[in-house]
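Student: Below is a structure I'd like to ask you about.
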Amino acid sequence: MWAASCLASCCAACACDACRTVVSGISRRSARIAYCGLFALSLIVSWILREVAAPLMEKLPWINHFHKTPNREWFETDAVLRVSLGNFLFFTILSFLMIGVKNQRDPRDGLHHGGWMMKIICWFILVILMFFVPNEIISFYESISKFGSGLFLLVQVVLLLDFVHGWNDKWVGYDEQFWYVALFVVSLVCYLATFGFSGLLFHWFTPSGQDCGLNTFFIVMTLILVLLFAIVALHPAVGGSILPASVLSLYCMYLCYSGLASEPRDYECNGLHKHSKAISTGTLTFGLLTTVLSVIYSAVRAGSSTTLLSPPSSPRAGAGKPLLPLDKADEQEEKERNKPVTYSYAFFHIIFSLASMYSAMLLTGWSTSVGESGKLVDVGWPSFWVRILTGWATAGLYIWSLLAPILFPERQF
């Protein structure tokens with residue numbers, strides 16, 4: 001017994017030392033990766049609790065205070081929402097603390113990049129505390145999460161547009177034949193993939209013998225948008241490029257597929273899985289992995305954007321001069337501290353807050369499809385409409401980005 005106690009103490013001490021080593025090794029450059037790792041951890045915890053926490057939550061009187069105990073799916077959804085709420089509060093608090101940080105001299109810059117042991121402990125405490133809040137608060141958070149998820153998707157679309165236009169400008173800026181050929185080849189591949197993908201959508205989601213006019217309408221509408229992108233982009237008055245049009249065409253077709261694939265499995269026009277309600281662990285893992293990668297990319301891209309999110313430099317930054325002369329080492333350190341931050345810390349954390357809402361909706365099927373479709377990631381009619389509307393919003397924003405400079409030539413875009 002004494003030996004077992006000593007062994008447990010040694011293991012605990014080693015684990016603590018390992019944690020200290022890891023968090024102390026997080027530098028300024030790797031801070032964003034660490035935040036992404038913490039966010040990915042929250043998704044893994046949500047997924048695990050969704051699978052195993054229901055029996056325990058049924059025994060908690062402040063959660064299960066109903067006259068009739070809800071089904072297992074209700075507790076699975078509740079567990080995901082509670083972890084998501086803790087994650088949302090953690091990043092929202094950080095966002096408010098980071099408002100107004102403009103240069104590295106600000107003490108809050110150190111809080112953003114350091115103090116990882118304290119931040120991990122606070123995150124853990126917040127997640128635990130969410131399992132003691134009333135059900136009414138969780139229900140309210142579930143309601144606002146749908147709107148927060150929509151905002152996250154909108155930010156995702158804006159970042160995609162910014163990325164595509166930047167990609168095109170960079171290749172055109174080389175002004176060499178090789179890059180023009182590369183631009184044409186990539187555009188051609190994107191268009192071939194778009195039209196090939198549309199053929200698969202007709203095959204999967206408009207099965208013969210079924211009245212699938214709704215699915216047919218959305219596929220044809222997406223093809224019309226694809227042609228409209230090319231016509232507007234290549235119009236002489238617009239002077240656009242074919243590369244952004246082709247990439248956005250492929251993305252809109254993917255959103256159409258994602259929406260149609262999110263239809264309930266018992267819907268007769270969803271022929272993708274042959275009406276099977278069962279789902280393998282491998283398929284579920286793949287669905288969650290793609291969700292994690294999509295959310296993390298959006299957060300990192302948002303935090304790195306130089307056109308959308310870089311805070312204005314403080315007018316006083318570097319204006320004050322020291323009263324006494326500094327040696328070279330101190331002068332170099334002073335210059336480093338006076339450097340403006342490269343991205344908005346507050347907006348960076350807001351992206352993670354919105355992503356917490358979005359991921360909760362994905363894991364719970366937008367809190368409506370778990371009961372009707374089984375344990376599926378991102379399946380149900382609410383998810384279907386969100387995907388379709390996101391595709392239309394993408395099309396509208398892209399066309400606006402082409403027409404706005406012509407309609408309002410006096411304004412800066």
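A note on labels: chains of the structure tokens are A, B, ... as shown, every chain counts residues from 1, and ligands are counted from 1 in their shown order.
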Find the spatial neighbours of A:Ala193, counting only C-alpha atoms, within a cut-off of 12 Å - ignore same-chain residues fewer than 3 positions away - and output them as a ChimeraX atom specification.

Tutor: /A:186-190,196-200,246-254

Student: For the selection you just gave me, I'd like the residues written to a file as a PDB file, in the first residue's frame, keeping N, CA and C atoms.

Tutor:
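Result went into result-v1.pdb, see below:
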ATOM      1  N   VAL A 186      -5.029  26.062 -62.716  1.00  0.00           N
ATOM      2  CA  VAL A 186      -5.781  25.917 -61.468  1.00  0.00           C
ATOM      3  C   VAL A 186      -7.254  26.253 -61.685  1.00  0.00           C
ATOM      4  N   SER A 187      -7.514  27.299 -62.448  1.00  0.00           N
ATOM      5  CA  SER A 187      -8.906  27.681 -62.728  1.00  0.00           C
ATOM      6  C   SER A 187      -9.623  26.583 -63.497  1.00  0.00           C
ATOM      7  N   LEU A 188      -8.938  26.015 -64.480  1.00  0.00           N
ATOM      8  CA  LEU A 188      -9.543  24.944 -65.277  1.00  0.00           C
ATOM      9  C   LEU A 188      -9.851  23.724 -64.415  1.00  0.00           C
ATOM     10  N   VAL A 189      -8.923  23.360 -63.555  1.00  0.00           N
ATOM     11  CA  VAL A 189      -9.137  22.211 -62.662  1.00  0.00           C
ATOM     12  C   VAL A 189     -10.326  22.463 -61.735  1.00  0.00           C
ATOM     13  N   CYS A 190     -10.422  23.670 -61.218  1.00  0.00           N
ATOM     14  CA  CYS A 190     -11.540  24.001 -60.329  1.00  0.00           C
ATOM     15  C   CYS A 190     -12.876  23.905 -61.050  1.00  0.00           C
ATOM     16  N   GLY A 196     -18.023  18.335 -62.527  1.00  0.00           N
ATOM     17  CA  GLY A 196     -18.038  16.907 -62.190  1.00  0.00           C
ATOM     18  C   GLY A 196     -18.760  16.644 -60.883  1.00  0.00           C
ATOM     19  N   PHE A 197     -18.533  17.520 -59.918  1.00  0.00           N
ATOM     20  CA  PHE A 197     -19.193  17.416 -58.619  1.00  0.00           C
ATOM     21  C   PHE A 197     -20.706  17.573 -58.767  1.00  0.00           C
ATOM     22  N   SER A 198     -21.131  18.489 -59.640  1.00  0.00           N
ATOM     23  CA  SER A 198     -22.568  18.691 -59.838  1.00  0.00           C
ATOM     24  C   SER A 198     -23.227  17.439 -60.398  1.00  0.00           C
ATOM     25  N   GLY A 199     -22.511  16.728 -61.285  1.00  0.00           N
ATOM     26  CA  GLY A 199     -23.047  15.467 -61.799  1.00  0.00           C
ATOM     27  C   GLY A 199     -23.252  14.446 -60.706  1.00  0.00           C
ATOM     28  N   LEU A 200     -22.312  14.370 -59.766  1.00  0.00           N
ATOM     29  CA  LEU A 200     -22.462  13.458 -58.636  1.00  0.00           C
ATOM     30  C   LEU A 200     -23.634  13.853 -57.748  1.00  0.00           C
ATOM     31  N   SER A 246     -13.394  30.715 -60.185  1.00  0.00           N
ATOM     32  CA  SER A 246     -13.374  29.242 -60.223  1.00  0.00           C
ATOM     33  C   SER A 246     -13.304  28.644 -58.825  1.00  0.00           C
ATOM     34  N   VAL A 247     -12.489  29.237 -57.956  1.00  0.00           N
ATOM     35  CA  VAL A 247     -12.368  28.722 -56.595  1.00  0.00           C
ATOM     36  C   VAL A 247     -13.682  28.896 -55.835  1.00  0.00           C
ATOM     37  N   LEU A 248     -14.314  30.063 -55.976  1.00  0.00           N
ATOM     38  CA  LEU A 248     -15.597  30.295 -55.311  1.00  0.00           C
ATOM     39  C   LEU A 248     -16.687  29.399 -55.879  1.00  0.00           C
ATOM     40  N   SER A 249     -16.600  29.077 -57.166  1.00  0.00           N
ATOM     41  CA  SER A 249     -17.570  28.154 -57.764  1.00  0.00           C
ATOM     42  C   SER A 249     -17.467  26.778 -57.126  1.00  0.00           C
ATOM     43  N   LEU A 250     -16.248  26.301 -56.977  1.00  0.00           N
ATOM     44  CA  LEU A 250     -16.051  24.993 -56.357  1.00  0.00           C
ATOM     45  C   LEU A 250     -16.503  25.002 -54.904  1.00  0.00           C
ATOM     46  N   TYR A 251     -16.239  26.084 -54.198  1.00  0.00           N
ATOM     47  CA  TYR A 251     -16.641  26.177 -52.797  1.00  0.00           C
ATOM     48  C   TYR A 251     -18.168  26.195 -52.669  1.00  0.00           C
ATOM     49  N   CYS A 252     -18.851  26.943 -53.533  1.00  0.00           N
ATOM     50  CA  CYS A 252     -20.314  26.982 -53.480  1.00  0.00           C
ATOM     51  C   CYS A 252     -20.909  25.618 -53.808  1.00  0.00           C
ATOM     52  N   MET A 253     -20.302  24.904 -54.740  1.00  0.00           N
ATOM     53  CA  MET A 253     -20.804  23.560 -55.048  1.00  0.00           C
ATOM     54  C   MET A 253     -20.569  22.630 -53.866  1.00  0.00           C
ATOM     55  N   TYR A 254     -19.439  22.803 -53.172  1.00  0.00           N
ATOM     56  CA  TYR A 254     -19.196  21.999 -51.971  1.00  0.00           C
ATOM     57  C   TYR A 254     -20.238  22.305 -50.889  1.00  0.00           C
TER      58      TYR A 254
END

Student: Please return, as an MDAnalysis selection string, all residues of stretch 85-245 of chain A that DSSP assigns to alpha helix (DSSP H) on the basis of the backbone.

Tutor: chainID A and resid 85:97 107:113 116:129 135:174 177:205 213:233 242:245

Student: Do a neighbour search on stretch 74-86 of chain A at 8 Å with only C-alpha atoms, toss out local chain neighbours closer than 2 positions, and write the hits as a ChimeraX atom specification.

Tutor: /A:42,45-47,49-51,53-54,57-58,70-72,88-90,123,126-131,138,141-142,356-357,359-360,363-364,367

Student: Which residue is closest to A:Gly110? Choose from A:Tyr257, A:Phe91, A:Tyr345, A:Phe352 and count only C-alpha atoms.

Tutor: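 With only C-alpha atoms as the atom set, the closest residue is A:Tyr345.
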
Student: Rounded to one decimal in Å, what is the spacing between atom CA of A:Asn103 and atom CA of A:Met117?

Tutor: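 It comes out at 23.8 Å.
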
Student: Could you check the closest approach to A:Trp62 for each of A:Val181, A:Val341, A:Val133, A:Val155 and tell me which residue wins, using only C-alpha atoms?

Tutor: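 The closest residue to A:Trp62 is A:Val133.
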
Student: If I take atom CA of A:Leu402 and atom CA of A:Ile351, how far is one from the other in Å, to one decimal?

Tutor: 26.2 Å

Student: From the set A:Leu94, A:Val238, A:Ala404, A:Ala31, which residue has the shortest atom-to-atom contact distance to A:Gly114, counting only C-alpha atoms?

Tutor: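 Among the listed residues, the smallest separation from A:Gly114 belongs to A:Ala31.
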
Student: I'd like the interatomic distance between atom CA of A:Ile121 and atom CA of A:Gly37, to a tenth of an Å.

Tutor: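 These atoms are spaced 14.7 Å apart.
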
Student: Here is a test: counting only C-alpha atoms, which residue of A:Ile388, A:Val157, A:Ile350, A:Cys269 is nearest to A:Phe96?

Tutor: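 Nearest candidate to A:Phe96 out of A:Ile388, A:Val157, A:Ile350, A:Cys269: A:Ile350.
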
Student: Please list as a ChimeraX atom specification every residue within 10 Å of A:Asp106, counting only C-alpha atoms and excluding residues in the same chain fewer than 3 positions away.

Tutor: /A:98,100-103,109-111,337-338,340-341

Student: Identify, on the basis of only C-alpha atoms, every residue whose closest approach to A:Thr390 does not exceed 12 Å; exclude the query and any residue fewer than 6 positions from it along the same chain; express the result as a PyMOL selection string.

Tutor: chain A and resi 149-158+222+251-256+258-259+383-384+396-397

Student: Hey, which of A:Asn135, A:Ser30, A:Gln104, A:Thr394 ends up closest to A:Leu60? Count only C-alpha atoms.

Tutor: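 Ranking A:Asn135, A:Ser30, A:Gln104, A:Thr394 by distance to A:Leu60, first place goes to A:Asn135.
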
Student: Which residue gives the smallest distance to A:Gly213 among A:Tyr398, A:Glu268, A:Phe147, A:Val172, with only C-alpha atoms counted?

Tutor: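 So, comparing all the options, the nearest one is A:Glu268.
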
Student: Env of stretch 204-211 of chain A: 8 Å cut, atoms = only C-alpha atoms, seq-sep filter 5 positions within chain, self excluded. Answer as a ChimeraX atom specification.

Tutor: /A:216,260,268-272
